[in-house]
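Data block for upload-v2.csv (CSV, C-alpha atoms and all ligand atoms):
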```csv
chain,number,residue,atom,x,y,z
R,508,MET,CA,14.0,17.2,-34.9
R,509,PRO,CA,14.8,14.4,-32.3
R,510,ARG,CA,15.1,15.8,-28.8
R,511,ARG,CA,17.0,14.4,-25.8
R,512,VAL,CA,18.3,15.4,-22.4
R,513,THR,CA,22.0,15.9,-22.2
R,514,LEU,CA,24.3,16.7,-19.3
R,515,ASP,CA,27.0,19.4,-19.3
R,516,ALA,CA,30.3,19.1,-17.5
R,517,GLN,CA,28.6,20.1,-14.2
R,518,LEU,CA,26.1,17.3,-14.8
R,519,THR,CA,23.3,19.8,-15.3
R,520,PRO,CA,20.6,18.6,-17.7
R,521,SER,CA,19.2,20.5,-20.7
R,522,VAL,CA,17.2,19.5,-23.8
R,523,ALA,CA,19.2,19.3,-27.0
R,524,GLU,CA,18.0,18.8,-30.6
R,525,SER,CA,19.9,16.5,-33.0
R,526,VAL,CA,19.9,16.4,-36.7
R,527,GLY,CA,18.5,13.2,-38.2
R,528,LEU,CA,16.8,10.2,-36.6
R,529,PRO,CA,19.0,7.7,-34.7
R,530,ALA,CA,19.2,4.6,-37.0
R,531,PRO,CA,18.8,1.1,-35.5
R,532,GLY,CA,21.8,-1.2,-36.3
R,533,ALA,CA,21.6,-4.9,-36.8
R,534,GLY,CA,19.5,-6.6,-34.1
R,535,GLN,CA,18.3,-3.2,-32.8
R,536,ILE,CA,15.0,-1.3,-32.9
R,537,ARG,CA,14.1,2.4,-32.7
R,538,VAL,CA,11.2,3.3,-30.4
R,539,ARG,CA,9.3,6.6,-30.2
R,540,VAL,CA,9.3,7.3,-26.5
R,541,VAL,CA,5.9,8.1,-24.9
R,542,ARG,CA,7.1,8.2,-21.2
R,543,ALA,CA,10.5,7.8,-19.7
R,544,GLY,CA,10.9,6.7,-16.0
R,545,VAL,CA,13.0,8.7,-13.6
R,546,ASN,CA,15.0,6.7,-11.1
R,547,PHE,CA,17.2,7.3,-8.0
R,548,TRP,CA,20.1,6.0,-10.2
R,549,GLU,CA,20.1,9.2,-12.2
R,550,VAL,CA,20.2,11.3,-9.0
R,551,MET,CA,23.2,9.3,-8.0
R,552,GLN,CA,24.8,10.0,-11.4
R,553,ARG,CA,24.2,13.7,-10.9
R,554,ARG,CA,25.9,13.5,-7.5
R,555,GLY,CA,28.9,11.6,-8.9
R,556,ARG,CA,28.2,8.5,-6.8
R,557,VAL,CA,28.0,6.2,-9.8
R,558,PRO,CA,29.4,6.8,-13.4
R,559,ALA,CA,27.7,9.3,-15.6
R,560,PRO,CA,25.8,7.9,-18.6
R,561,ALA,CA,28.2,6.9,-21.3
R,562,ASP,CA,26.7,9.0,-24.1
R,563,GLY,CA,25.7,11.9,-21.8
R,564,VAL,CA,21.9,11.1,-22.1
R,565,PRO,CA,20.4,9.9,-18.8
R,566,GLY,CA,17.6,7.4,-18.3
R,567,THR,CA,17.2,3.7,-18.8
R,568,GLU,CA,13.5,2.9,-18.8
R,569,GLY,CA,10.3,3.9,-20.5
R,570,VAL,CA,7.4,3.0,-22.7
R,571,GLY,CA,6.9,3.8,-26.4
R,572,VAL,CA,6.0,2.6,-29.9
R,573,VAL,CA,8.3,0.7,-32.2
R,574,ASP,CA,8.9,2.8,-35.4
R,575,GLU,CA,11.9,1.1,-37.2
R,576,LEU,CA,13.6,-2.3,-37.1
R,577,GLY,CA,17.3,-2.9,-37.7
R,578,ALA,CA,18.5,-5.7,-39.9
R,579,GLY,CA,17.6,-9.2,-38.8
R,580,VAL,CA,14.9,-8.2,-36.3
R,581,THR,CA,11.7,-10.2,-36.5
R,582,ALA,CA,10.0,-9.1,-33.2
R,583,PRO,CA,8.7,-6.8,-32.0
R,584,ALA,CA,7.0,-5.3,-35.0
R,585,VAL,CA,6.7,-1.7,-36.1
R,586,GLY,CA,3.7,-0.2,-34.3
R,587,ASP,CA,4.0,-2.5,-31.2
R,588,ARG,CA,3.8,-0.8,-27.8
R,589,VAL,CA,6.9,-1.8,-25.8
R,590,ALA,CA,8.5,-1.1,-22.4
R,591,TRP,CA,12.1,-1.4,-21.2
R,592,SER,CA,14.3,-0.9,-18.2
R,593,LYS,CA,17.9,-1.3,-19.4
R,594,VAL,CA,18.2,0.9,-22.5
R,595,PRO,CA,20.6,3.9,-22.0
R,596,GLY,CA,19.6,7.3,-23.3
R,597,SER,CA,15.9,7.0,-22.5
R,598,TYR,CA,15.3,10.7,-21.5
R,599,ALA,CA,14.6,11.4,-25.2
R,600,ASP,CA,11.8,11.3,-27.7
R,601,GLN,CA,13.6,8.4,-29.6
R,602,VAL,CA,15.6,5.5,-28.2
R,603,VAL,CA,17.6,2.8,-30.0
R,604,GLY,CA,18.6,-0.5,-28.4
R,605,PRO,CA,18.8,-4.2,-28.8
R,606,ALA,CA,15.4,-5.7,-29.7
R,607,ASP,CA,15.6,-8.2,-26.9
R,608,SER,CA,15.8,-5.4,-24.3
R,609,PHE,CA,12.2,-4.5,-25.1
R,610,VAL,CA,9.0,-6.3,-24.0
R,611,SER,CA,5.5,-6.0,-25.4
R,612,VAL,CA,3.0,-4.2,-23.2
R,613,PRO,CA,-0.4,-5.9,-22.8
R,614,ASP,CA,-3.4,-3.7,-23.8
R,615,GLU,CA,-4.7,-3.7,-20.2
R,616,VAL,CA,-1.5,-1.9,-18.9
R,617,ASP,CA,-1.6,1.9,-19.4
R,618,ASP,CA,1.5,3.9,-20.5
R,619,ASP,CA,2.3,5.4,-17.1
R,620,THR,CA,2.2,2.1,-15.4
R,621,ALA,CA,4.3,0.4,-18.0
R,622,ALA,CA,6.9,3.2,-17.9
R,623,GLY,CA,7.2,3.2,-14.2
R,624,LEU,CA,7.1,-0.5,-13.5
R,625,LEU,CA,10.1,-2.3,-14.9
R,626,PHE,CA,13.3,-0.8,-13.3
R,627,GLN,CA,12.0,-0.8,-9.8
R,628,GLY,CA,9.7,-3.8,-10.3
R,629,THR,CA,12.5,-6.1,-11.5
R,630,THR,CA,14.5,-5.0,-8.5
R,631,ALA,CA,11.6,-5.7,-6.2
R,632,ALA,CA,11.0,-9.1,-7.8
R,633,TYR,CA,14.6,-10.3,-7.6
R,634,LEU,CA,14.8,-9.1,-4.0
R,635,CYS,CA,11.9,-11.2,-2.7
R,636,GLU,CA,12.2,-14.2,-5.1
R,637,ALA,CA,15.9,-14.7,-5.5
R,638,ALA,CA,18.0,-12.6,-3.0
R,639,TRP,CA,15.9,-13.8,-0.1
R,640,PRO,CA,12.8,-15.9,-1.0
R,641,VAL,CA,10.1,-15.1,1.4
R,642,ALA,CA,7.7,-17.7,2.6
R,643,GLN,CA,4.0,-17.6,3.4
R,644,GLY,CA,3.3,-16.0,6.8
R,645,ASP,CA,6.8,-14.6,7.2
R,646,PRO,CA,6.9,-11.2,9.0
R,647,VAL,CA,9.2,-8.9,7.1
R,648,VAL,CA,10.3,-5.2,7.4
R,649,VAL,CA,10.6,-2.9,4.4
R,650,THR,CA,12.3,0.4,4.9
R,651,SER,CA,12.0,3.2,2.2
R,652,ALA,CA,8.5,1.7,2.1
R,653,SER,CA,7.0,4.7,0.2
R,654,GLY,CA,9.8,4.7,-2.5
R,655,GLY,CA,9.2,3.2,-5.9
R,656,VAL,CA,11.0,-0.1,-5.1
R,657,GLY,CA,9.5,-0.1,-1.6
R,658,LEU,CA,5.9,0.2,-2.9
R,659,LEU,CA,6.3,-2.6,-5.5
R,660,LEU,CA,8.3,-4.8,-3.1
R,661,THR,CA,5.6,-4.5,-0.5
R,662,GLN,CA,2.9,-5.6,-3.0
R,663,LEU,CA,5.0,-8.6,-4.2
R,664,LEU,CA,5.8,-9.6,-0.6
R,665,VAL,CA,2.1,-9.5,0.4
R,666,ALA,CA,1.3,-11.5,-2.7
R,667,ARG,CA,3.7,-14.2,-1.5
R,668,GLY,CA,1.9,-14.2,1.8
R,669,ALA,CA,4.3,-12.2,3.9
R,670,VAL,CA,3.2,-9.8,6.7
R,671,VAL,CA,4.9,-6.5,5.9
R,672,VAL,CA,5.9,-3.8,8.4
R,673,GLY,CA,6.6,-0.7,6.3
R,674,ALA,CA,9.0,2.0,7.6
R,675,VAL,CA,8.9,5.5,6.3
R,676,SER,CA,10.5,8.9,7.1
R,677,SER,CA,7.4,10.8,8.0
R,678,PRO,CA,3.7,10.1,8.8
R,679,ASP,CA,2.5,11.7,5.5
R,680,LYS,CA,4.2,8.9,3.6
R,681,ALA,CA,2.6,6.1,5.6
R,682,GLY,CA,-0.7,6.1,3.5
R,683,ALA,CA,1.2,5.0,0.4
R,684,SER,CA,2.8,2.1,2.2
R,685,ARG,CA,-0.5,1.1,3.7
R,686,ASP,CA,-2.2,1.2,0.3
R,687,ALA,CA,0.5,-1.1,-1.0
R,688,GLY,CA,-0.5,-3.7,1.6
R,689,ALA,CA,1.7,-3.1,4.6
R,690,ALA,CA,0.0,-4.5,7.7
R,691,ARG,CA,1.6,-1.8,9.9
R,692,VAL,CA,3.6,1.3,9.0
R,693,LEU,CA,6.1,2.9,11.4
R,694,THR,CA,8.3,5.9,11.1
R,695,TYR,CA,12.1,6.0,11.6
R,696,GLY,CA,13.3,7.2,14.9
R,697,GLY,CA,14.9,6.0,18.1
R,698,GLY,CA,12.1,3.5,18.9
R,699,LEU,CA,11.6,1.8,15.6
R,700,ALA,CA,13.4,-1.4,16.5
R,701,GLU,CA,11.4,-1.7,19.8
R,702,GLU,CA,8.1,-1.1,18.0
R,703,ILE,CA,8.9,-3.9,15.6
R,704,ARG,CA,9.9,-6.2,18.4
R,705,THR,CA,6.6,-5.4,20.1
R,706,LEU,CA,4.7,-6.3,16.9
R,707,HIS,CA,6.8,-9.4,16.3
R,708,PRO,CA,8.3,-10.6,19.6
R,709,GLU,CA,9.7,-13.8,17.9
R,710,GLY,CA,11.6,-11.5,15.4
R,711,VAL,CA,11.1,-11.0,11.7
R,712,ALA,CA,12.3,-13.2,8.9
R,713,ALA,CA,13.9,-10.5,6.9
R,714,VAL,CA,14.6,-6.7,6.7
R,715,PHE,CA,14.8,-5.2,3.2
R,716,ASP,CA,16.6,-1.9,3.4
R,717,ALA,CA,17.5,0.8,0.9
R,718,VAL,CA,18.3,3.6,3.3
R,719,GLY,CA,21.7,2.4,4.7
R,720,ALA,CA,23.6,4.0,7.5
R,721,GLY,CA,21.6,5.5,10.4
R,722,VAL,CA,18.4,3.6,10.0
R,723,VAL,CA,19.2,-0.1,9.4
R,724,GLU,CA,21.8,-0.9,12.1
R,725,PRO,CA,19.4,-1.0,15.0
R,726,LEU,CA,17.0,-3.2,12.9
R,727,VAL,CA,19.5,-6.1,13.2
R,728,ALA,CA,18.0,-6.7,16.6
R,729,THR,CA,14.6,-7.2,15.2
R,730,LEU,CA,15.6,-10.4,13.2
R,731,ARG,CA,14.7,-13.8,14.3
R,732,PRO,CA,17.4,-16.5,14.4
R,733,ARG,CA,18.7,-17.2,10.9
R,734,GLY,CA,16.9,-14.2,9.6
R,735,ALA,CA,18.3,-12.0,6.8
R,736,LEU,CA,19.3,-8.5,6.3
R,737,VAL,CA,18.9,-7.7,2.6
R,738,LEU,CA,20.5,-4.4,1.8
R,739,TYR,CA,19.9,-3.0,-1.7
R,740,GLY,CA,20.6,0.7,-1.5
R,741,ALA,CA,22.0,3.6,0.5
R,742,ALA,CA,19.7,6.4,-0.1
R,743,SER,CA,21.0,8.2,3.0
R,744,GLY,CA,24.3,8.5,1.2
R,745,LYS,CA,26.2,6.1,3.3
R,746,GLU,CA,26.3,2.3,3.4
R,747,ALA,CA,25.1,0.5,6.6
R,748,GLN,CA,27.9,-0.3,9.1
R,749,ILE,CA,27.2,-3.9,10.1
R,750,GLY,CA,29.9,-6.5,11.0
R,751,ALA,CA,30.2,-10.2,11.7
R,752,SER,CA,29.8,-9.7,15.4
R,753,ASP,CA,26.3,-8.2,14.8
R,754,LEU,CA,25.3,-11.3,12.8
R,755,GLY,CA,26.6,-13.7,15.4
R,756,ARG,CA,23.8,-12.8,17.8
R,757,GLY,CA,21.4,-15.0,15.8
R,758,SER,CA,23.2,-16.8,13.0
R,759,LEU,CA,22.0,-14.0,10.8
R,760,PHE,CA,22.5,-13.6,7.0
R,761,LEU,CA,23.6,-10.3,5.4
R,762,THR,CA,23.7,-9.5,1.7
R,763,ARG,CA,24.2,-6.2,-0.2
R,764,THR,CA,22.7,-6.7,-3.6
R,765,ALA,CA,23.4,-5.2,-7.0
R,766,GLY,CA,21.1,-5.5,-10.0
R,767,ARG,CA,23.9,-6.7,-12.3
R,768,ASP,CA,24.2,-10.0,-10.3
R,769,TYR,CA,20.5,-10.8,-10.2
R,770,LEU,CA,19.5,-9.4,-13.6
R,771,PRO,CA,22.6,-10.4,-15.6
R,772,THR,CA,21.0,-11.0,-19.0
R,773,SER,CA,18.2,-9.6,-21.2
R,774,ASP,CA,16.5,-13.0,-20.9
R,775,VAL,CA,16.3,-12.7,-17.1
R,776,VAL,CA,15.1,-9.1,-17.3
R,777,ALA,CA,12.5,-10.0,-19.9
R,778,GLU,CA,11.2,-12.9,-17.8
R,779,TYR,CA,10.7,-10.7,-14.7
R,780,SER,CA,9.3,-7.9,-16.9
R,781,ARG,CA,6.6,-10.1,-18.4
R,782,MET,CA,5.6,-11.4,-15.0
R,783,LEU,CA,5.3,-7.8,-13.7
R,784,LEU,CA,3.3,-6.6,-16.7
R,785,ALA,CA,1.0,-9.6,-16.4
R,786,LEU,CA,0.4,-8.8,-12.7
R,787,ALA,CA,-0.2,-5.1,-13.5
R,788,GLY,CA,-2.6,-6.1,-16.4
R,789,SER,CA,-4.7,-8.2,-14.0
R,790,GLY,CA,-4.8,-5.4,-11.4
R,791,ARG,CA,-2.6,-7.2,-8.8
R,792,LEU,CA,0.3,-4.8,-9.0
R,793,ARG,CA,-0.1,-1.0,-9.1
R,794,VAL,CA,2.4,1.8,-9.9
R,795,ARG,CA,1.8,5.0,-8.0
R,796,VAL,CA,2.5,7.9,-10.2
R,797,ASP,CA,3.6,11.1,-8.4
R,798,ARG,CA,3.7,13.4,-11.5
R,799,VAL,CA,4.5,13.6,-15.2
R,800,LEU,CA,6.8,16.3,-16.4
R,801,PRO,CA,8.1,17.5,-19.7
R,802,LEU,CA,11.8,16.6,-20.6
R,803,GLU,CA,12.7,20.3,-20.0
R,804,ASP,CA,11.8,19.8,-16.3
R,805,THR,CA,14.4,17.0,-15.7
R,806,MET,CA,16.1,19.1,-13.1
R,807,ALA,CA,12.8,19.6,-11.2
R,808,ALA,CA,12.2,15.9,-11.4
R,809,TRP,CA,15.6,15.1,-9.8
R,810,ASP,CA,15.1,17.9,-7.2
R,811,ALA,CA,11.8,16.4,-6.2
R,812,LEU,CA,13.4,12.9,-5.8
R,813,GLU,CA,16.4,14.2,-3.9
R,814,SER,CA,14.4,16.5,-1.6
R,815,ARG,CA,12.1,13.6,-0.8
R,816,ARG,CA,9.0,15.6,-1.8
R,817,SER,CA,7.7,12.9,-4.2
R,818,ILE,CA,5.7,9.7,-3.3
R,819,GLY,CA,5.8,7.2,-6.1
R,820,LYS,CA,7.0,7.4,-9.7
R,821,ILE,CA,8.1,10.6,-11.6
R,822,LEU,CA,7.8,10.2,-15.3
R,823,LEU,CA,9.0,12.4,-18.2
R,824,ALA,CA,6.9,13.1,-21.3
R,825,PRO,CA,9.0,13.9,-24.4
F,1,LIG,N1,20.4,-2.7,-5.7
F,1,LIG,C1,19.6,-2.5,-6.7
F,1,LIG,O1,19.4,-3.4,-7.5
F,1,LIG,C2,18.7,-1.3,-6.7
F,1,LIG,C3,17.9,-1.0,-7.8
F,1,LIG,C4,17.0,0.1,-7.7
F,1,LIG,C5,17.2,1.0,-6.7
F,1,LIG,N2,18.1,0.8,-5.7
F,1,LIG,C6,18.3,1.7,-4.6
F,1,LIG,O2,17.1,1.7,-3.8
F,1,LIG,C7,16.9,3.0,-3.2
F,1,LIG,C8,15.5,3.4,-3.5
F,1,LIG,O3,15.3,3.4,-4.9
F,1,LIG,P1,13.9,3.8,-5.5
F,1,LIG,O4,14.0,3.5,-6.9
F,1,LIG,O5,12.8,3.2,-4.7
F,1,LIG,O6,13.9,5.4,-5.3
F,1,LIG,P2,12.7,6.4,-5.2
F,1,LIG,O7,11.4,5.9,-5.7
F,1,LIG,O8,13.3,7.6,-5.7
F,1,LIG,O9,12.5,6.6,-3.6
F,1,LIG,C9,13.6,7.0,-2.9
F,1,LIG,C10,13.5,6.4,-1.5
F,1,LIG,O10,14.7,6.7,-0.8
F,1,LIG,C11,14.4,7.3,0.4
F,1,LIG,N3,15.4,8.4,0.6
F,1,LIG,C12,15.8,9.4,-0.2
F,1,LIG,N4,16.7,10.1,0.4
F,1,LIG,C13,16.9,9.7,1.6
F,1,LIG,C14,17.7,10.0,2.7
F,1,LIG,N5,18.5,11.0,2.6
F,1,LIG,N6,17.6,9.3,3.8
F,1,LIG,C15,16.8,8.2,3.9
F,1,LIG,N7,16.0,7.8,2.9
F,1,LIG,C16,16.0,8.5,1.8
F,1,LIG,C17,13.0,7.9,0.2
F,1,LIG,O11,12.5,7.8,1.5
F,1,LIG,P3,11.3,8.8,2.0
F,1,LIG,O12,10.2,8.6,0.9
F,1,LIG,O13,10.8,8.2,3.3
F,1,LIG,O14,11.8,10.1,2.1
F,1,LIG,C18,12.4,6.9,-0.7
F,1,LIG,O15,11.8,5.9,0.0
F,1,LIG,C19,18.0,3.9,-3.8
F,1,LIG,O16,19.1,4.0,-2.9
F,1,LIG,C20,18.4,3.2,-5.0
F,1,LIG,O17,19.8,3.5,-5.4
F,1,LIG,C21,18.9,-0.3,-5.7
```

Spell out the structure here as structure tokens.
Amino acid sequence: MPRRVTLDAQLTPSVAESVGLPAPGAGQIRVRVVRAGVNFWEVMQRRGRVPAPADGVPGTEGVGVVDELGAGVTAPAVGDRVAWSKVPGSYADQVVGPADSFVSVPDEVDDDTAAGLLFQGTTAAYLCEAAWPVAQGDPVVVTSASGGVGLLLTQLLVARGAVVVGAVSSPDKAGASRDAGAARVLTYGGGLAEEIRTLHPEGVAAVFDAVGAGVVEPLVATLRPRGALVLYGAASGKEAQIGASDLGRGSLFLTRTAGRDYLPTSDVVAEYSRMLLALAGSGRLRVRVDRVLPLEDTMAAWDALESRRSIGKILLAP
């Protein structure tokens, strides 16, 4: 019997069985899910901060094996190993979606890496390549540096030649940021901006932030003239409070990004995804896996993310 996670009216997850396999329609494929990736997005759905999943089944990313093609599909083929980051209903043992939402996984990339790479990796890639292209030698700050996006963003920034200062909530999370390539890792607190100014007296080229209110506002003062504040999340629960007068102190740039504007089509997502899988396959990009849990433990996975006990990716095994 196919199994999937569903949410009740209180947005509490449980595993349900359904009769019959989901059938792929024209242009779609069905995939047997091997691992599903857990993301902060699902925590925000549970908290009512973003809309709940349309069909009640959470999850958008994973890795698996193609087991049926809908009419008109010529690739991928049955038996191919594929990964995806934008297919709803991925907390399940079967997922159905448009064929062009899936990319083939190179043999060198293991299942856990493929399942944990694409949602956060495409975000990290658009941030440092499109939202604010970082140049060789640029000093930059990455907050939430031990989170999934933060770890991948740090690796991509270092690969572009940037010098990364990682900022994390506690010293026990510093090692992960350092392993990802951060030259220095600092913790949040009253003196963070001063510590960054001491490391980079001329100011940094960009601050990439996913925490929001409380942490990022003082970091405006660490930017060099014409530097950029790139906000892509508000994990603290509140958006940063930054106004035009704050930017006037150095002709600064401010953006608050959303994936839909930088990853608007399956072609763009697929291009970034192939680039990320190629980097992972050659050992130049690593996914840190925190733990792998059965679908039944979805609530425990979300609790671990929300309580900030995890470092790296949590995956579900159907
Ligand atoms: N705009 C986009 O396109 C986009 C795409 C993906 C994700 N995001 C956002 O980016 C953020 C991080 O996502 P992720 O996938 O990296 O998540 P993740 O792997 O689950 O990591 C969560 C991160 O958020 C931090 N965090 C959690 N609760 C916090 C709190 N109350 N105060 C301060 N920091 C807190 C954690 O910091 P510690 O580890 O230090 O506790 C950790 O670094 C989320 O806000 C998410 O919504 C945005």

(Q) Could you list, as a ChimeraX atom specification, all residues that come within 7 Å of ligand LIG 1 (chain F)? Count all atoms listed in the file. (A) /R:546-548,626-627,630,651-657,675-677,680,717-718,739-744,764-766,812-813,815,818-820

Q) With all atoms listed in the file as the atoms that count, which of R:Gln552, R:Pro509, R:Arg539, R:Glu575 lies nearest to Val589 (chain R)? A)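 So, comparing all the options, the nearest one is R:Arg539.
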
Q. Region 787-793 of chain R: which residues within 8 Å, counting all atoms listed in the file, same-chain residues fewer than 3 positions away excluded, as a PyMOL selection string?
A. chain R and resi 613-616+620+659+662-663+783-784

Q: Rank R:Gly586, R:Pro801, R:Gly698, R:Gly682 by their smallest atom-to-atom distance to Val545 (chain R), using only C-alpha atoms, and report the top residue only.
A: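 Checking each of R:Gly586, R:Pro801, R:Gly698, R:Gly682 against Val545 (chain R), counting only C-alpha atoms, the winner is R:Pro801.
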
**Q.** Point (14.9, -7.4, -39.6), cut-off 10 Å, counting all atoms listed in the file, residues as a PyMOL selection string
**A.** chain R and resi 532-536+575-584

(Q) So, with all atoms listed in the file as the atoms that count, which of R:Thr629, R:Thr762, R:Thr519, R:Thr705 lies closest to Glu568 (chain R)? (A)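 Result for the nearest residue to Glu568 (chain R): R:Thr629.
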
**Q.** For Ala751 (chain R), the nearest of the candidates R:Val727, R:Val564, R:Val570, R:Val670, counting all atoms listed in the file
**A.**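 Result for the nearest residue to Ala751 (chain R): R:Val727.
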
Q. Could you pull the residues within 9 Å of Leu736 (chain R), counting all atoms listed in the file, minus those fewer than 5 positions along the same chain, as a ChimeraX atom specification?
A. /R:639,712-716,723,726-727,730,759-763

Q. Can you tell me how far CA of Gly571 (chain R) sits from CA of Phe609 (chain R), in Å to one decimal?
A.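 Taking CA of Gly571 (chain R) as the start and CA of Phe609 (chain R) as the end point, the length is 9.9 Å.
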
Q. Which one is closest to Ala606 (chain R): R:Leu822, R:Ala777, R:Val692, R:Leu634? Count only C-alpha atoms.
A. R:Ala777

Q. Skipping near chain neighbours, those fewer than 5 positions away, what residues fall within 12 Å of Ala543 (chain R) using only C-alpha atoms, listed as a PyMOL selection string?
A. chain R and resi 511-512+538+565-571+589-602+618-626+799-802+805+808+820-825

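Counting from CA of Trp809 (chain R), the distance to CA of Ser521 (chain R) is 12.7 Å.
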
**Q.** Å distance separating CA of Ser814 (chain R) from CA of Arg798 (chain R), one decimal place
**A.**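 These atoms are spaced 14.9 Å apart.
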
(Q) So that I can check the surroundings of Leu699 (chain R), please list as an MDAnalysis selection string every protein, DNA and RNA residue that reaches within 12 Å of it, counting only C-alpha atoms and ignoring chain neighbours fewer than 2 positions away. (A) chainID R and resid 648 650 672:676 692:697 701:706 721:729

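Distance check against Leu658 (chain R) using only C-alpha atoms: of R:Ser752, R:Gln643, R:Ser684, R:Ser758, the minimum falls on R:Ser684.
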
Slice of the block: region 764-779 of chain R, N, CA and C atoms, as a short mmCIF file (atom, residue, chain, number, x, y, z; two decimals), in the first residue's frame:
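Output contents, as saved in result.cif:
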```
data_model
loop_
_atom_site.label_atom_id
_atom_site.label_comp_id
_atom_site.auth_asym_id
_atom_site.auth_seq_id
_atom_site.Cartn_x
_atom_site.Cartn_y
_atom_site.Cartn_z
N THR R 764 14.95 38.36 -0.79
CA THR R 764 14.71 37.48 -1.93
C THR R 764 13.63 36.44 -1.65
N ALA R 765 13.01 35.96 -2.73
CA ALA R 765 12.09 34.82 -2.67
C ALA R 765 12.46 33.90 -3.81
N GLY R 766 12.44 32.61 -3.53
CA GLY R 766 12.85 31.62 -4.53
C GLY R 766 12.09 31.75 -5.84
N ARG R 767 10.79 32.09 -5.75
CA ARG R 767 9.97 32.13 -6.98
C ARG R 767 10.50 33.14 -8.00
N ASP R 768 11.21 34.17 -7.54
CA ASP R 768 11.71 35.19 -8.47
C ASP R 768 13.05 34.82 -9.10
N TYR R 769 13.79 33.95 -8.42
CA TYR R 769 15.10 33.55 -8.94
C TYR R 769 15.10 32.14 -9.53
N LEU R 770 14.08 31.36 -9.17
CA LEU R 770 13.97 29.99 -9.68
C LEU R 770 12.58 29.83 -10.30
N PRO R 771 12.28 30.65 -11.33
CA PRO R 771 10.89 30.76 -11.79
C PRO R 771 10.41 29.61 -12.67
N THR R 772 11.34 28.88 -13.29
CA THR R 772 10.91 27.82 -14.22
C THR R 772 11.68 26.53 -13.93
N SER R 773 11.13 25.43 -14.41
CA SER R 773 11.81 24.14 -14.19
C SER R 773 13.16 24.12 -14.92
N ASP R 774 13.28 24.86 -16.00
CA ASP R 774 14.58 24.91 -16.71
C ASP R 774 15.66 25.53 -15.83
N VAL R 775 15.32 26.65 -15.18
CA VAL R 775 16.31 27.32 -14.32
C VAL R 775 16.67 26.40 -13.15
N VAL R 776 15.65 25.79 -12.54
CA VAL R 776 15.91 24.90 -11.40
C VAL R 776 16.79 23.74 -11.85
N ALA R 777 16.49 23.19 -13.02
CA ALA R 777 17.26 22.03 -13.50
C ALA R 777 18.71 22.43 -13.77
N GLU R 778 18.92 23.63 -14.31
CA GLU R 778 20.30 24.06 -14.61
C GLU R 778 21.11 24.18 -13.32
N TYR R 779 20.55 24.86 -12.32
CA TYR R 779 21.25 24.96 -11.04
C TYR R 779 21.44 23.55 -10.42
#
```
